[in-house]
Structures are given as C-alpha cells and as structure tokens.
$ cat entry_22.txt   # compact mmCIF, C-alpha atoms
# COMPACT_ATOMS: atom_id res chain seq x y z
CA MET A 9 3.91 -16.48 9.89
CA THR A 10 2.48 -17.03 13.33
CA ASP A 11 5.85 -17.05 15.10
CA THR A 12 8.82 -14.72 15.33
CA ALA A 13 11.20 -16.79 13.21
CA ASP A 14 13.88 -14.91 11.30
CA VAL A 15 12.43 -13.21 8.22
CA THR A 16 14.98 -12.72 5.45
CA GLU A 17 12.70 -13.66 2.57
CA ARG A 18 9.16 -12.52 2.05
CA PRO A 19 6.91 -15.26 3.45
CA ARG A 20 4.23 -16.79 1.33
CA ALA A 21 0.55 -17.02 2.13
CA PRO A 22 -0.35 -19.60 4.78
CA GLY A 23 -0.10 -23.05 3.31
CA GLY A 24 2.50 -21.76 0.85
CA LEU A 25 1.80 -19.49 -2.09
CA ASP A 26 3.01 -22.08 -4.60
CA PRO A 27 3.63 -21.13 -8.25
CA PRO A 28 0.15 -22.31 -9.35
CA GLU A 29 -1.47 -20.15 -6.66
CA GLU A 30 0.71 -17.19 -7.60
CA HIS A 31 -0.29 -17.72 -11.22
CA GLU A 32 -3.93 -17.79 -10.17
CA ALA A 33 -3.51 -14.48 -8.32
CA ALA A 34 -1.83 -12.98 -11.38
CA GLU A 35 -4.77 -14.16 -13.46
CA MET A 36 -7.14 -12.34 -11.10
CA LEU A 37 -5.16 -9.15 -11.76
CA ALA A 38 -5.37 -9.72 -15.50
CA SER A 39 -9.10 -10.41 -15.29
CA ALA A 40 -9.62 -7.20 -13.32
CA ARG A 41 -7.79 -5.24 -16.01
CA ARG A 42 -10.07 -6.68 -18.67
CA ARG A 43 -13.23 -6.02 -16.67
CA VAL A 44 -12.45 -2.61 -15.21
CA GLY A 45 -10.26 -1.17 -17.97
CA PRO A 46 -13.10 -0.04 -20.26
CA GLU A 47 -14.92 1.68 -17.38
CA LEU A 48 -11.74 3.44 -16.33
CA ARG A 49 -10.93 4.56 -19.86
CA THR A 50 -14.40 6.00 -20.30
CA ALA A 51 -14.12 7.84 -17.01
CA VAL A 52 -10.67 9.27 -17.73
CA ALA A 53 -11.67 10.20 -21.27
CA SER A 54 -14.25 12.55 -19.75
CA LEU A 55 -11.46 14.71 -18.32
CA PRO A 56 -10.17 17.77 -20.18
CA GLU A 57 -7.19 16.80 -22.33
CA ALA A 58 -4.59 18.67 -20.27
CA LEU A 59 -5.63 16.92 -17.05
CA ARG A 60 -5.97 13.60 -18.83
CA ARG A 61 -2.32 13.76 -19.98
CA VAL A 62 -1.19 14.27 -16.38
CA ALA A 63 -3.38 11.46 -15.03
CA LEU A 64 -2.62 8.71 -17.56
CA PRO A 65 0.90 7.81 -16.30
CA HIS A 66 -0.49 7.30 -12.80
CA LEU A 67 -2.99 4.77 -14.11
CA GLY A 68 -0.25 2.89 -15.96
CA TRP A 69 -1.56 3.80 -19.41
CA GLY A 70 1.01 6.27 -20.67
CA HIS A 71 4.37 7.91 -20.27
CA VAL A 72 5.09 11.45 -19.14
CA ASP A 73 5.72 12.47 -22.77
CA GLY A 74 2.19 11.43 -23.71
CA THR A 75 3.08 8.20 -25.52
CA PRO A 76 1.12 5.05 -24.60
CA ALA A 77 2.66 2.60 -22.15
CA PRO A 78 3.34 -0.96 -23.40
CA GLY A 79 0.13 -2.94 -23.05
CA GLY A 80 -1.62 0.16 -21.79
CA ALA A 81 -3.61 -1.78 -19.23
CA GLY A 82 -2.54 -0.39 -15.87
CA ALA A 83 -2.01 -2.43 -12.73
CA ALA A 84 -5.65 -2.74 -11.53
CA ALA A 85 -4.45 -4.07 -8.19
CA ARG A 86 -7.09 -2.53 -5.98
CA PRO A 87 -9.92 -3.13 -8.46
CA ALA A 88 -8.84 -6.78 -8.44
CA LEU A 89 -9.30 -6.84 -4.67
CA VAL A 90 -12.80 -5.37 -5.00
CA LEU A 91 -13.82 -8.06 -7.49
CA ALA A 92 -12.07 -10.84 -5.55
CA ALA A 93 -13.91 -9.89 -2.36
CA VAL A 94 -17.23 -10.03 -4.20
CA ARG A 95 -16.35 -13.44 -5.58
CA ALA A 96 -15.11 -14.72 -2.19
CA LEU A 97 -18.52 -13.92 -0.70
CA GLY A 98 -20.40 -15.67 -3.50
CA GLY A 99 -21.42 -12.55 -5.44
CA ASP A 100 -21.14 -11.60 -9.09
CA PRO A 101 -18.01 -9.48 -9.69
CA GLY A 102 -19.66 -7.94 -12.75
CA VAL A 103 -21.92 -5.79 -10.58
CA ALA A 104 -18.94 -4.11 -8.89
CA VAL A 105 -17.00 -2.95 -11.97
CA ARG A 106 -17.99 0.69 -11.56
CA ALA A 107 -17.09 0.66 -7.87
CA ALA A 108 -13.77 -1.00 -8.64
CA ALA A 109 -13.02 1.76 -11.15
CA ALA A 110 -13.87 4.39 -8.52
CA VAL A 111 -11.36 2.81 -6.13
CA GLU A 112 -8.62 2.89 -8.78
CA LEU A 113 -9.36 6.50 -9.70
CA THR A 114 -9.18 7.50 -6.04
CA HIS A 115 -5.91 5.66 -5.65
CA GLY A 116 -4.60 7.51 -8.71
CA ARG A 117 -5.46 10.76 -6.98
CA ALA A 118 -3.57 9.61 -3.88
CA ARG A 119 -0.49 8.81 -5.96
CA LEU A 120 -0.53 12.28 -7.48
CA ARG A 121 -0.88 13.87 -4.07
CA ASP A 122 1.91 11.76 -2.59
CA GLY A 123 4.20 12.71 -5.44
CA VAL A 124 3.69 16.38 -4.68
CA LEU A 125 4.18 15.87 -0.94
CA ASP A 126 7.21 13.61 -1.25
CA ARG A 127 8.80 15.43 -4.21
CA THR A 128 10.01 12.17 -5.66
CA ALA A 129 10.21 11.11 -9.28
CA VAL A 130 8.99 7.52 -9.09
CA ARG A 131 6.63 5.68 -6.74
CA GLY A 132 5.97 2.00 -7.28
CA ARG A 133 7.54 2.04 -10.76
CA ARG A 134 5.27 4.89 -11.93
CA PRO A 135 6.17 8.58 -12.17
CA THR A 136 4.97 10.92 -9.47
CA ALA A 137 4.06 14.57 -9.75
CA GLU A 138 7.69 15.69 -9.53
CA ALA A 139 8.36 14.02 -12.88
CA LEU A 140 5.39 15.74 -14.51
CA PRO A 141 5.03 19.28 -15.95
CA GLY A 142 4.17 20.91 -12.62
CA GLU A 143 2.86 20.37 -9.11
CA ALA A 144 -0.18 22.55 -9.73
CA ASP A 145 -1.17 20.38 -12.70
CA ALA A 146 -0.73 17.25 -10.60
CA ILE A 147 -2.94 18.60 -7.81
CA LEU A 148 -5.64 19.62 -10.25
CA ALA A 149 -5.52 16.30 -12.10
CA GLY A 150 -5.79 14.45 -8.80
CA ASP A 151 -8.81 16.49 -7.76
CA ALA A 152 -10.40 15.71 -11.12
CA LEU A 153 -9.79 11.97 -10.68
CA GLN A 154 -11.41 12.10 -7.25
CA ALA A 155 -14.43 13.93 -8.65
CA VAL A 156 -14.84 11.37 -11.44
CA ALA A 157 -14.65 8.56 -8.89
CA GLN A 158 -17.41 10.19 -6.84
CA ARG A 159 -19.51 10.62 -9.98
CA LEU A 160 -19.15 6.94 -10.87
CA LEU A 161 -20.57 5.90 -7.51
CA ALA A 162 -23.24 8.60 -7.55
CA GLU A 163 -24.49 7.30 -10.92
CA ASP A 164 -24.22 3.61 -10.00
CA PRO A 165 -27.72 2.10 -9.55
CA HIS A 166 -26.41 -0.73 -7.37
CA PRO A 167 -27.95 -0.51 -3.87
CA GLY A 168 -24.50 -0.73 -2.30
CA ALA A 169 -23.19 2.37 -4.06
CA PRO A 170 -23.99 4.88 -1.25
CA ALA A 171 -22.26 2.73 1.38
CA ALA A 172 -19.28 2.25 -0.95
CA ALA A 173 -19.05 6.00 -1.52
CA ALA A 174 -19.08 6.61 2.22
CA ARG A 175 -16.32 4.08 2.82
CA LEU A 176 -14.16 5.49 0.04
CA ALA A 177 -14.59 9.04 1.33
CA ALA A 178 -13.71 7.97 4.86
CA CYS A 179 -10.60 6.23 3.55
CA VAL A 180 -9.44 9.40 1.77
CA VAL A 181 -9.94 11.49 4.92
CA GLU A 182 -7.99 8.92 6.95
CA LEU A 183 -5.12 8.93 4.45
CA CYS A 184 -4.94 12.72 4.60
CA ALA A 185 -4.88 12.64 8.40
CA ALA A 186 -2.12 10.02 8.35
CA ARG A 187 0.02 12.09 6.00
CA HIS A 188 -0.43 15.08 8.31
CA LEU A 189 0.64 13.01 11.31
CA GLU A 190 3.64 11.76 9.32
CA HIS A 191 4.79 15.33 8.73
CA VAL A 192 4.32 16.13 12.41
CA LEU A 193 6.42 13.11 13.43
CA GLU A 194 9.17 13.97 10.95
CA ARG A 195 9.62 17.33 12.68
CA ARG A 196 10.20 15.68 16.06
CA ARG A 197 13.47 14.36 17.36
CA SER A 198 13.82 10.61 16.79
CA ALA A 199 13.68 9.78 20.51
CA GLU A 200 10.39 11.68 20.88
CA VAL A 201 8.48 9.44 18.45
CA ALA A 202 6.80 6.31 19.82
CA PRO A 203 6.65 3.22 17.57
CA ALA A 204 2.86 3.19 17.99
CA GLU A 205 2.66 6.56 16.24
CA TRP A 206 4.62 5.37 13.21
CA ILE A 207 2.63 2.12 13.26
CA ALA A 208 -0.56 4.17 12.94
CA VAL A 209 0.87 6.00 9.93
CA ALA A 210 2.21 2.80 8.36
CA GLU A 211 -1.03 0.88 8.89
CA THR A 212 -2.97 3.55 7.06
CA GLY A 213 -0.45 3.94 4.26
CA ALA A 214 0.10 0.23 3.70
CA GLY A 215 -3.36 -1.11 4.36
CA ALA A 216 -6.14 1.49 4.26
CA PHE A 217 -6.75 1.25 0.51
CA LEU A 218 -6.45 -2.54 0.59
CA GLY A 219 -9.00 -2.75 3.38
CA CYS A 220 -11.32 -0.26 1.72
CA ALA A 221 -11.21 -2.17 -1.58
CA CYS A 222 -12.04 -5.46 0.17
CA ALA A 223 -14.83 -3.85 2.19
CA ILE A 224 -16.40 -2.30 -0.91
CA GLY A 225 -16.35 -5.74 -2.51
CA ALA A 226 -18.23 -7.07 0.50
CA VAL A 227 -20.81 -4.31 0.17
CA TYR A 228 -21.40 -5.15 -3.49
CA ALA A 229 -21.73 -8.82 -2.62
CA GLY A 230 -24.63 -7.90 -0.37
CA ALA A 231 -22.81 -8.58 2.89
CA GLY A 232 -23.64 -6.71 6.06
CA PRO A 233 -21.49 -4.11 7.83
CA GLU A 234 -19.89 -6.70 10.11
CA VAL A 235 -18.49 -8.68 7.19
CA ALA A 236 -17.40 -5.52 5.37
CA ASP A 237 -15.63 -4.31 8.51
CA ALA A 238 -13.90 -7.67 8.90
CA LEU A 239 -12.57 -7.53 5.34
CA ASP A 240 -11.48 -3.94 5.91
CA GLY A 241 -9.55 -5.14 8.95
CA PHE A 242 -8.04 -7.99 6.95
CA GLY A 243 -6.69 -5.65 4.28
CA ARG A 244 -5.29 -3.23 6.84
CA GLN A 245 -3.57 -5.85 8.97
CA ALA A 246 -2.21 -7.83 6.01
CA GLY A 247 -0.91 -4.66 4.38
CA LEU A 248 0.92 -3.65 7.55
CA ALA A 249 2.28 -7.17 8.09
CA PHE A 250 3.77 -7.23 4.62
CA ARG A 251 5.14 -3.70 5.11
CA LEU A 252 6.92 -4.84 8.29
CA ILE A 253 8.26 -7.92 6.54
CA ASP A 254 9.55 -5.87 3.64
CA ASP A 255 11.25 -3.43 6.03
CA VAL A 256 13.08 -6.34 7.65
CA ILE A 257 14.03 -7.87 4.29
CA GLY A 258 15.22 -4.51 3.00
CA ILE A 259 17.74 -4.17 5.84
CA TRP A 260 18.79 -7.75 6.60
CA GLY A 261 17.69 -9.79 3.59
CA ASP A 262 19.67 -10.93 0.58
CA PRO A 263 20.87 -7.69 -1.10
CA ALA A 264 20.29 -9.27 -4.51
CA ARG A 265 16.61 -9.70 -3.64
CA ALA A 266 16.10 -6.61 -1.50
CA GLY A 267 17.84 -4.38 -4.01
CA GLY A 268 19.77 -2.49 -1.32
CA ALA A 269 17.13 0.24 -1.24
CA ALA A 270 16.52 0.13 2.50
CA ARG A 271 20.26 0.14 3.30
CA GLY A 272 20.45 3.32 1.24
CA ASP A 273 17.44 4.57 3.17
CA LEU A 274 19.37 3.98 6.38
CA ALA A 275 22.19 6.16 5.12
CA ALA A 276 19.63 8.86 4.29
CA ARG A 277 18.14 8.65 7.84
CA GLY A 278 14.96 7.00 6.62
CA LYS A 279 12.68 5.80 9.39
CA SER A 280 11.52 2.33 8.46
CA LEU A 281 9.62 0.58 11.23
CA PRO A 282 12.56 -1.44 12.65
CA VAL A 283 14.55 1.81 12.85
CA VAL A 284 11.74 3.63 14.66
CA ALA A 285 11.45 0.82 17.21
CA ALA A 286 15.21 0.80 17.78
CA LEU A 287 15.39 4.57 18.21
CA ALA A 288 12.56 4.49 20.75
CA SER A 289 13.87 1.45 22.62
CA GLY A 290 15.30 3.49 25.50
CA THR A 291 18.42 1.32 25.40
CA PRO A 292 22.06 2.38 25.15
CA ASP A 293 22.13 0.84 21.70
CA GLY A 294 19.13 2.96 20.71
CA ALA A 295 20.93 6.08 21.93
CA ALA A 296 24.00 5.06 19.97
CA LEU A 297 21.87 4.62 16.86
CA ALA A 298 20.46 8.13 17.30
CA GLY A 299 24.02 9.43 17.44
CA LEU A 300 24.88 7.63 14.22
CA TYR A 301 21.76 9.07 12.58
CA ASP A 302 22.85 12.59 13.54
CA ARG A 303 26.00 12.33 11.48
CA GLU A 304 26.42 13.89 8.06
CA PRO A 305 25.16 11.73 5.14
CA GLY A 306 28.64 10.81 3.95
CA GLU A 307 29.57 9.62 7.43
CA ARG A 308 26.69 7.17 7.84
CA ASP A 309 27.75 3.58 7.20
CA PRO A 310 24.63 1.52 6.31
CA GLU A 311 26.20 -1.72 7.54
CA ARG A 312 27.01 -0.17 10.91
CA LEU A 313 23.53 1.34 11.11
CA ALA A 314 21.92 -2.03 10.38
CA ARG A 315 23.92 -3.66 13.18
CA ALA A 316 22.93 -0.86 15.56
CA VAL A 317 19.23 -1.26 14.70
CA GLU A 318 19.46 -4.99 15.38
CA ARG A 319 21.32 -4.55 18.69
CA ALA A 320 18.65 -2.06 19.82
CA GLY A 321 15.94 -4.65 19.17
CA GLY A 322 14.46 -3.20 15.98
CA ARG A 323 14.65 -6.43 14.03
CA ASP A 324 13.06 -8.61 16.70
CA TRP A 325 10.34 -6.03 17.31
CA ALA A 326 9.45 -5.80 13.60
CA GLN A 327 9.31 -9.58 13.18
CA THR A 328 7.12 -9.96 16.26
CA GLN A 329 4.81 -7.22 15.02
CA ALA A 330 4.63 -8.79 11.54
CA ALA A 331 3.60 -12.14 12.98
CA ASP A 332 1.02 -10.50 15.23
CA ARG A 333 -0.47 -8.42 12.42
CA MET A 334 -0.68 -11.37 10.06
CA SER A 335 -2.39 -13.39 12.77
CA ARG A 336 -4.95 -10.61 13.17
CA ALA A 337 -5.40 -10.44 9.39
CA LEU A 338 -6.10 -14.15 9.15
CA GLY A 339 -8.59 -13.91 11.99
CA GLU A 340 -10.49 -11.11 10.27
CA LEU A 341 -10.44 -12.98 6.97
CA ALA A 342 -11.78 -16.18 8.56
CA ARG A 343 -14.53 -14.16 10.23
CA ALA A 344 -15.62 -12.71 6.88
CA VAL A 345 -14.98 -15.69 4.59
CA PRO A 346 -15.21 -19.02 6.44
CA ASP A 347 -14.54 -21.04 3.28
CA PRO A 348 -10.75 -21.63 3.35
CA GLU A 349 -10.50 -21.98 -0.43
CA ARG A 350 -12.21 -18.67 -1.12
CA ALA A 351 -10.29 -17.00 1.69
CA GLY A 352 -7.00 -18.35 0.37
CA GLU A 353 -7.57 -16.80 -3.04
CA LEU A 354 -8.14 -13.38 -1.54
CA LEU A 355 -5.07 -13.65 0.70
CA ALA A 356 -2.88 -14.77 -2.22
CA LEU A 357 -4.02 -11.79 -4.27
CA THR A 358 -3.33 -9.41 -1.37
CA GLU A 359 0.19 -10.78 -1.02
CA LEU A 360 0.85 -10.50 -4.75
CA VAL A 361 -0.47 -6.94 -4.81
CA THR A 362 1.67 -5.79 -1.88
CA ARG A 363 4.76 -7.62 -3.13
CA ARG A 364 4.50 -5.92 -6.50
CA SER A 365 3.68 -2.51 -4.94
CA CYS A 366 1.16 -2.01 -7.75

$ encode --input "entry_22.txt" --output "structure tokens"
Amino acid sequence: MTDTADVTERPRAPGGLDPPEEHEAAEMLASARRRVGPELRTAVASLPEALRRVALPHLGWGHVDGTPAPGGAGAAARPALVLAAVRALGGDPGVAVRAAAAVELTHGRARLRDGVLDRTAVRGRRPTAEALPGEADAILAGDALQAVAQRLLAEDPHPGAPAAAARLAACVVELCAARHLEHVLERRRSAEVAPAEWIAVAETGAGAFLGCACAIGAVYAGAGPEVADALDGFGRQAGLAFRLIDDVIGIWGDPARAGGAARGDLAARGKSLPVVAALASGTPDGAALAGLYDREPGERDPERLARAVERAGGRDWAQTQAADRMSRALGELARAVPDPERAGELLALTELVTRRSC
C-alpha cells in the first residue's frame, strides 16, 4: 500500500492480513465484547426505560421494536481498539474497561446524532434515528449516553481517566465541527469545494473515533502524550486511507464485492472523495462531470459518471492519497509501538473494524 497501484480490492494489512491474522483480530473483537459488555449494560441500565429503548439498537443489543438482537453483544469495535492499544504498549487491558465503555457510549451518541442529521434509516447495519419513534427521542437518548460516558470516566479511579475524558470531549467537539463544515460544503457549488476541505471532513468522520480510542488506550497503558498522539494519528490516517480505498472499490471494484452502493451514490450526486477530486480538477473532464451531475436523477448514468470521474483524475488522486495516508499511518504506529508484532495486531484490528463498518 505504499504505491499507487490500481486498487480494486480492499488491500490487506502490510505483510498480508492472512486468514489466521483476520481470525485473531476477530477474536480481539469477541474478547472486547466479553470484557466491556457487562460495564456497558450496567451503564445503559441506569438510563430511564424510554431512553434505554431508543439507545439499545444503536449498541447492537436490540431491535427497534424492543426485542433483543441475536447474541445481544454489540459490535464493541472501538472498545476493542482501546484494549488492543493498552496491550500493544505492554499494559493490562483490564484497567481500561470503563474507559472503553465510555468510548462506545459516546460513539452510540454520535450514531444517534448522525441519524437525525442524515435522516437515513440504517447506518452500518444498525438503525438510525429516522427508523426510531422520533427525532426528539433520539436526540435525548444520545445526550443521555454522552452523560453516562462522562460519568464513567469521572468515577474511574485510574490516574489516566482525566486525560481520557479530555481526549474524548475534544473528539466530540471535532466531530461536531466536521459535520457543520460538511453542511456548509454541501450548500456550495461542486466546483467551489476544494478536495482538501472534503478530506478534512472525511478524516474526522472516518478516523477521529479510531484515533481517540487508540490514544485513550495509550493513556491507560501509562504512555506519555507523545505516544498517545502518535496512536491518535495512526487511527486517523488509517481510517482515512481505508475510506479512500473503499470509495475507489465502490466505484471501480467488482460489483459483486462492492455491492453497487457507490454507483448508486453517483446517480444520487453523492460526493465520495474521488468525485470531489474530479469535480475540483479544473479540467475539461471535470467540467463535463459537473454537467452530468446537474442532470435530473433519472438522467444520470452511473457507468458514464464513473468514466467521467476517472478521466478527470479522481481515481488516480484517491489511490495516491490512500497510499500516502497509509504510509503516514504506519509511520505513526511505528513511532508509538516499535515492536512489529504488537503493531501488526493493532493494524489488523483497525482494518477489520473499518472493513466491517462496526
């Protein structure tokens, strides 16, 4: 992933994320569920029943109708990253269970908020606020989850809890600012938006929580701010790299694997990162793409749009950016975790988490 070779399948972690390594990453997710699940359930059980019913589907524990979800364990992706970062730095993951739960609760709040803002029914295979009884209930349940997360860290006797709380709060503020910028950019004409602006939004959306989770793990392992910042940078850059790769695969990859979702997004004038780069390329092909985007939905041919994006340089740009961001991610990871074996485990888990969109 350090060159600009054609990306039509999602690359594996450096050295190859072979089936045994993928299985090991999946086991880390399962272990996180077992460790963090009881803490999360206790925290959510403290909510009033009406808010608890709204929150449970977003933690993977129930359906919108109130019935339990199969297995009822939730994804625990970001808690797994917290615990994996502690382990990668030689610490005891058991001391970070409460912090890992706080990260998951905060992410649940973000999902509820995004559902209200996006007005969509499903995000990452879980229902969003639009599918629930009402937007007001979703907002209130999200606020309650955030408050419970703050309480968990406030009551945690671990010496790293204050620093973890500060990092989590800063992450939430950053995510809110990025969503605001996203709405500002959506109101502009396509040619008036620079790729760097969408990159800033995408980096936050794809990687801020991943980086925050890794950094909090570093804090609970007793690492200093430099190491925590390096792991934060790793999560951010890896998240964005995988987002860029997935955008490329969604448009030009095997439809059977990509699911055709991004081609449909093209027809709906969605602005994935290759599209943004093509529209802002300043080339005749970019101008032609803008003209195609201005057509009525029924007149937009996804195949023609995909060819236009490629001719305007969107594909090459996205692949170059993906390689660059993954190179940065690996540099940050090596700076924080010099042991290649420990670093490889954390990278494999990050890839599995982003691939599954947990």

$ atom_distance --input "entry_22.txt" --atom1 "CA of Arg121 in chain A" --atom2 "CA of Gln154 in chain A"
11.1 Å

$ atom_distance --input "entry_22.txt" --atom1 "CA of Arg336 in chain A" --atom2 "CA of Asp254 in chain A"
18.0 Å

$ atom_distance --input "entry_22.txt" --atom1 "CA of Glu211 in chain A" --atom2 "CA of Thr328 in chain A"
15.4 Å

$ closest_residue --input "entry_22.txt" --among "A:Val284, A:Val317, A:Leu125, A:Ala231" --to "Ala296 in chain A" --atoms "all atoms listed in the file"
A:Val317

$ closest_residue --input "entry_22.txt" --among "A:Ala171, A:Ala208, A:Cys184, A:Cys220" --to "Val111 in chain A" --atoms "only C-alpha atoms"
A:Cys220

$ closest_residue --input "entry_22.txt" --among "A:Glu35, A:Asp302, A:Glu30, A:Glu318" --to "Glu359 in chain A" --atoms "only C-alpha atoms"
A:Glu30

$ closest_residue --input "entry_22.txt" --among "A:Tyr228, A:Val52, A:Gly142, A:Asp237" --to "Ala157 in chain A" --atoms "all atoms listed in the file"
A:Val52

$ residues_around --input "entry_22.txt" --residues "range 322-327 of chain A" --least-positions-apart "4" --cutoff "10 Å" --atoms "only C-alpha atoms" --output "ChimeraX atom specification"
/A:9,11-15,203,249,251-257,259-260,280-289,294,314-318,331-333
